[in-house]
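Working notes for the structure below.
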Amino acid sequence: QVQVVESGGGLVQAGGSLRLSCAASGGTFSSRSVGWFRQAPGKEREFVAGVSRTGLSTSYADSAKGRFTISRDYAKYTVFLQMNSLEHEDTAVYYCAIRRAGLQGIRTTPTDYDYWGQGTQVTVSS
């Protein structure tokens with residue numbers, strides 16, 4: 001069973017930056033693609049960014065392109081989401097999600113992911 005724990009959320013002013021971390025344990029980290037999702041109050045959970053098993057491929061939602069960067073540290077079993085130029089509209093609970101081992105590709109649908117963390121709150125004040 002894979003355990004997922006997010007950290008790094010908080011309150012930041014518009015234009016500021018945050019770095020979220022997703023720590024995984026209990027599974028083969030290197031064989032799994034990872035995604036970040038977010039959910040604002042009253043809205044559906046949406047894809048933000050994803051990274052492939054190898055770390056060579058990444059994918060971003062249009063809202064994240066040019067501002068967010070996803071990366072992974074295999075030695076630390078951790079995936080990061082660097083968020084710059086934050087906007088009030090980025091306010092949400094951010095979730096890290098991990099796919100089953102061996103599956104290829106980055107998926108943007110929440111149901112394609114098997115393991116989820118509890119989420120970390122990001123609040124951007126305008």
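Following the order of the structure tokens, chains are lettered A, B, ..., residues in each are numbered from 1, and ligands are numbered from 1.
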Near-Ala101 (chain A) list (7 Å; only C-alpha atoms; drop same-chain fewer than 6 positions) as a ChimeraX atom specification: /A:28,31-32
Using the selection just defined, write its residues with all heavy atoms as a PDB file, in the first residue's frame.
ATOM      1  N   THR A  28       6.884   1.122  -4.920  1.00  0.00           N
ATOM      2  CA  THR A  28       8.004   1.360  -5.823  1.00  0.00           C
ATOM      3  C   THR A  28       7.828   2.720  -6.469  1.00  0.00           C
ATOM      4  O   THR A  28       7.135   2.861  -7.474  1.00  0.00           O
ATOM      5  CB  THR A  28       8.079   0.262  -6.896  1.00  0.00           C
ATOM      6  OG1 THR A  28       8.048  -1.013  -6.259  1.00  0.00           O
ATOM      7  CG2 THR A  28       9.347   0.410  -7.710  1.00  0.00           C
ATOM      8  N   SER A  31       8.529   3.514 -10.335  1.00  0.00           N
ATOM      9  CA  SER A  31       7.726   2.906 -11.384  1.00  0.00           C
ATOM     10  C   SER A  31       6.338   3.534 -11.505  1.00  0.00           C
ATOM     11  O   SER A  31       5.463   2.983 -12.172  1.00  0.00           O
ATOM     12  CB  SER A  31       7.580   1.413 -11.120  1.00  0.00           C
ATOM     13  OG  SER A  31       6.852   1.183  -9.925  1.00  0.00           O
ATOM     14  N   ARG A  32       6.133   4.661 -10.872  1.00  0.00           N
ATOM     15  CA  ARG A  32       4.806   5.275 -10.834  1.00  0.00           C
ATOM     16  C   ARG A  32       4.819   6.720 -11.310  1.00  0.00           C
ATOM     17  O   ARG A  32       5.679   7.501 -10.902  1.00  0.00           O
ATOM     18  CB  ARG A  32       4.262   5.246  -9.400  1.00  0.00           C
ATOM     19  CG  ARG A  32       4.247   3.864  -8.770  1.00  0.00           C
ATOM     20  CD  ARG A  32       3.868   3.924  -7.308  1.00  0.00           C
ATOM     21  NE  ARG A  32       4.030   2.649  -6.636  1.00  0.00           N
ATOM     22  CZ  ARG A  32       3.093   1.732  -6.568  1.00  0.00           C
ATOM     23  NH1 ARG A  32       1.909   1.949  -7.119  1.00  0.00           N
ATOM     24  NH2 ARG A  32       3.325   0.596  -5.933  1.00  0.00           N
TER      25      ARG A  32
END
Output as a compact mmCIF listing (two decimals) with all heavy atoms, in the first residue's frame all residues of region 26-112 of chain A that backbone DSSP marks as helix (DSSP H, G or I).
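part-v8.txt written:
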# COMPACT_ATOMS: atom_id res chain seq x y z
N PHE A 29 8.45 3.69 -5.89
CA PHE A 29 8.23 5.07 -6.32
C PHE A 29 8.65 5.29 -7.76
O PHE A 29 7.97 5.98 -8.53
CB PHE A 29 9.00 6.00 -5.38
CG PHE A 29 8.84 7.46 -5.70
CD1 PHE A 29 7.62 8.09 -5.52
CD2 PHE A 29 9.91 8.20 -6.15
CE1 PHE A 29 7.46 9.43 -5.80
CE2 PHE A 29 9.77 9.55 -6.43
CZ PHE A 29 8.54 10.16 -6.25
N SER A 30 9.75 4.68 -8.17
CA SER A 30 10.32 4.96 -9.49
C SER A 30 9.46 4.39 -10.62
O SER A 30 9.66 4.76 -11.77
CB SER A 30 11.73 4.40 -9.58
OG SER A 30 11.71 3.00 -9.39
N SER A 31 8.53 3.51 -10.34
CA SER A 31 7.73 2.91 -11.38
C SER A 31 6.34 3.53 -11.50
O SER A 31 5.46 2.98 -12.17
CB SER A 31 7.58 1.41 -11.12
OG SER A 31 6.85 1.18 -9.92
N HIS A 88 -4.97 34.72 -6.99
CA HIS A 88 -6.06 34.39 -6.07
C HIS A 88 -6.81 33.14 -6.54
O HIS A 88 -7.25 32.32 -5.73
CB HIS A 88 -7.03 35.56 -5.95
CG HIS A 88 -8.19 35.29 -5.06
ND1 HIS A 88 -8.06 35.12 -3.69
CD2 HIS A 88 -9.51 35.13 -5.33
CE1 HIS A 88 -9.24 34.90 -3.16
NE2 HIS A 88 -10.14 34.90 -4.13
N GLU A 89 -6.91 32.99 -7.85
CA GLU A 89 -7.63 31.85 -8.43
C GLU A 89 -6.92 30.52 -8.17
O GLU A 89 -7.49 29.46 -8.42
CB GLU A 89 -7.81 32.05 -9.93
CG GLU A 89 -8.77 33.18 -10.31
CD GLU A 89 -8.20 34.56 -10.04
OE1 GLU A 89 -6.96 34.70 -10.01
OE2 GLU A 89 -9.01 35.51 -9.87
N ASP A 90 -5.70 30.56 -7.71
CA ASP A 90 -4.98 29.33 -7.37
C ASP A 90 -5.35 28.81 -5.98
O ASP A 90 -4.90 27.73 -5.59
CB ASP A 90 -3.46 29.56 -7.43
CG ASP A 90 -2.98 29.90 -8.83
OD1 ASP A 90 -3.41 29.22 -9.78
OD2 ASP A 90 -2.15 30.83 -8.96
N PRO A 110 -8.87 12.32 -12.37
CA PRO A 110 -8.63 11.81 -11.01
C PRO A 110 -8.82 10.30 -10.88
O PRO A 110 -8.10 9.65 -10.12
CB PRO A 110 -9.65 12.58 -10.16
CG PRO A 110 -9.84 13.87 -10.90
CD PRO A 110 -9.77 13.50 -12.35
N THR A 111 -9.76 9.73 -11.61
CA THR A 111 -10.03 8.30 -11.47
C THR A 111 -8.90 7.43 -12.03
O THR A 111 -8.89 6.22 -11.79
CB THR A 111 -11.35 7.93 -12.17
OG1 THR A 111 -11.31 8.41 -13.52
CG2 THR A 111 -12.54 8.54 -11.45
N ASP A 112 -7.96 8.02 -12.73
CA ASP A 112 -6.81 7.27 -13.23
C ASP A 112 -5.72 7.09 -12.18
O ASP A 112 -4.71 6.45 -12.44
CB ASP A 112 -6.22 7.96 -14.45
CG ASP A 112 -7.08 7.77 -15.69
OD1 ASP A 112 -7.64 6.67 -15.85
OD2 ASP A 112 -7.18 8.72 -16.49
CA of Gly42 (chain A) to CA of Thr58 (chain A), straight-line distance in Å: 27.9 Å
Shell around region 75-82 of chain A at 9 Å using only C-alpha atoms, local window under 4 positions removed, as a ChimeraX atom specification: /A:17-25,29-30,34-36,49,51,67-71,96
Residue with smallest distance to Tyr60 (chain A) - pool A:Gln3, A:Thr108, A:Val93, A:Ala14, counting only C-alpha atoms: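 The closest residue to Tyr60 (chain A) is A:Thr108.
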Pick from A:Ser7, A:Ser57, A:Thr120, A:Gln13, whichever lies nearest to Ile106 (chain A) using only C-alpha atoms: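 Selected residue with least distance to Ile106 (chain A): A:Ser57.
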Counting only C-alpha atoms, the option among A:Ser59, A:Thr54, A:Thr123, A:Gln104 closest to Val12 (chain A):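 Going through A:Ser59, A:Thr54, A:Thr123, A:Gln104 one by one, the smallest distance to Val12 (chain A) is for A:Thr123.
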Those of chain A in DSSP strand (DSSP E), formatted as a count of residues only: 59
Residues near Glu44 (chain A), cut-off 12 Å, only C-alpha atoms, skip fewer than 4 positions along chain, as a JSON list (two decimals) with all heavy atoms, in the first residue's frame:
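So the final result, stored in around33.json, reads:
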[["chain", "number", "residue", "atom", "x", "y", "z"],
["A", 37, "PHE", "N", -3.29, 17.63, -8.25],
["A", 37, "PHE", "CA", -4.64, 18.10, -8.53],
["A", 37, "PHE", "C", -4.98, 19.17, -7.50],
["A", 37, "PHE", "O", -4.33, 19.29, -6.47],
["A", 37, "PHE", "CB", -5.65, 16.95, -8.44],
["A", 37, "PHE", "CG", -5.53, 15.95, -9.54],
["A", 37, "PHE", "CD1", -4.53, 14.99, -9.54],
["A", 37, "PHE", "CD2", -6.43, 15.94, -10.60],
["A", 37, "PHE", "CE1", -4.41, 14.06, -10.56],
["A", 37, "PHE", "CE2", -6.34, 15.01, -11.62],
["A", 37, "PHE", "CZ", -5.31, 14.07, -11.59],
["A", 38, "ARG", "N", -6.04, 19.90, -7.77],
["A", 38, "ARG", "CA", -6.51, 20.87, -6.79],
["A", 38, "ARG", "C", -8.02, 20.94, -6.83],
["A", 38, "ARG", "O", -8.65, 20.61, -7.84],
["A", 38, "ARG", "CB", -5.90, 22.25, -7.03],
["A", 38, "ARG", "CG", -6.38, 22.94, -8.31],
["A", 38, "ARG", "CD", -5.61, 24.23, -8.52],
["A", 38, "ARG", "NE", -6.07, 24.95, -9.70],
["A", 38, "ARG", "CZ", -5.48, 26.05, -10.17],
["A", 38, "ARG", "NH1", -4.40, 26.55, -9.57],
["A", 38, "ARG", "NH2", -5.96, 26.65, -11.24],
["A", 39, "GLN", "N", -8.58, 21.36, -5.72],
["A", 39, "GLN", "CA", -10.02, 21.48, -5.62],
["A", 39, "GLN", "C", -10.36, 22.70, -4.80],
["A", 39, "GLN", "O", -10.00, 22.80, -3.62],
["A", 39, "GLN", "CB", -10.64, 20.23, -4.99],
["A", 39, "GLN", "CG", -12.16, 20.22, -5.03],
["A", 39, "GLN", "CD", -12.72, 18.84, -4.74],
["A", 39, "GLN", "OE1", -12.05, 17.98, -4.18],
["A", 39, "GLN", "NE2", -13.96, 18.62, -5.12],
["A", 40, "ALA", "N", -11.05, 23.63, -5.44],
["A", 40, "ALA", "CA", -11.52, 24.84, -4.77],
["A", 40, "ALA", "C", -12.95, 24.60, -4.27],
["A", 40, "ALA", "O", -13.65, 23.73, -4.79],
["A", 40, "ALA", "CB", -11.48, 26.02, -5.73],
["A", 92, "ALA", "N", -6.90, 26.81, -3.29],
["A", 92, "ALA", "CA", -7.55, 25.49, -3.34],
["A", 92, "ALA", "C", -6.82, 24.55, -2.40],
["A", 92, "ALA", "O", -5.75, 24.89, -1.87],
["A", 92, "ALA", "CB", -7.51, 24.92, -4.75],
["A", 93, "VAL", "N", -7.41, 23.39, -2.20],
["A", 93, "VAL", "CA", -6.68, 22.30, -1.57],
["A", 93, "VAL", "C", -5.96, 21.54, -2.68],
["A", 93, "VAL", "O", -6.58, 21.16, -3.68],
["A", 93, "VAL", "CB", -7.62, 21.36, -0.80],
["A", 93, "VAL", "CG1", -6.84, 20.19, -0.20],
["A", 93, "VAL", "CG2", -8.36, 22.13, 0.29],
["A", 109, "THR", "N", -7.16, 12.72, -15.41],
["A", 109, "THR", "CA", -8.43, 12.41, -14.76],
["A", 109, "THR", "C", -8.19, 11.82, -13.39],
["A", 109, "THR", "O", -7.41, 10.87, -13.26],
["A", 109, "THR", "CB", -9.23, 11.42, -15.61],
["A", 109, "THR", "OG1", -9.41, 11.96, -16.92],
["A", 109, "THR", "CG2", -10.60, 11.16, -14.99],
["A", 110, "PRO", "N", -8.87, 12.32, -12.37],
["A", 110, "PRO", "CA", -8.63, 11.81, -11.01],
["A", 110, "PRO", "C", -8.82, 10.30, -10.88],
["A", 110, "PRO", "O", -8.10, 9.65, -10.12],
["A", 110, "PRO", "CB", -9.65, 12.58, -10.16],
["A", 110, "PRO", "CG", -9.84, 13.87, -10.90],
["A", 110, "PRO", "CD", -9.77, 13.50, -12.35]]
Who sits within 8 Å of Trp116 (chain A), only C-alpha atoms, same chain under 2 positions skipped, as a ChimeraX atom specification: /A:3-4,95-98,113-114,118
Which of A:Ser125, A:Arg99, A:Tyr94, A:Asp73 sits closest to Phe47 (chain A) [using only C-alpha atoms]: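 When distances to Phe47 (chain A) are compared using only C-alpha atoms, the smallest one comes from A:Tyr94.
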Separation of CA of Asp62 (chain A) from CA of Arg100 (chain A), in Å and rounded to one decimal: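 Between CA of Asp62 (chain A) and CA of Arg100 (chain A) the gap works out to 25.5 Å.
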Length of the CA of Gly26 (chain A) to CA of Tyr115 (chain A) vector [Å]: 11.1 Å
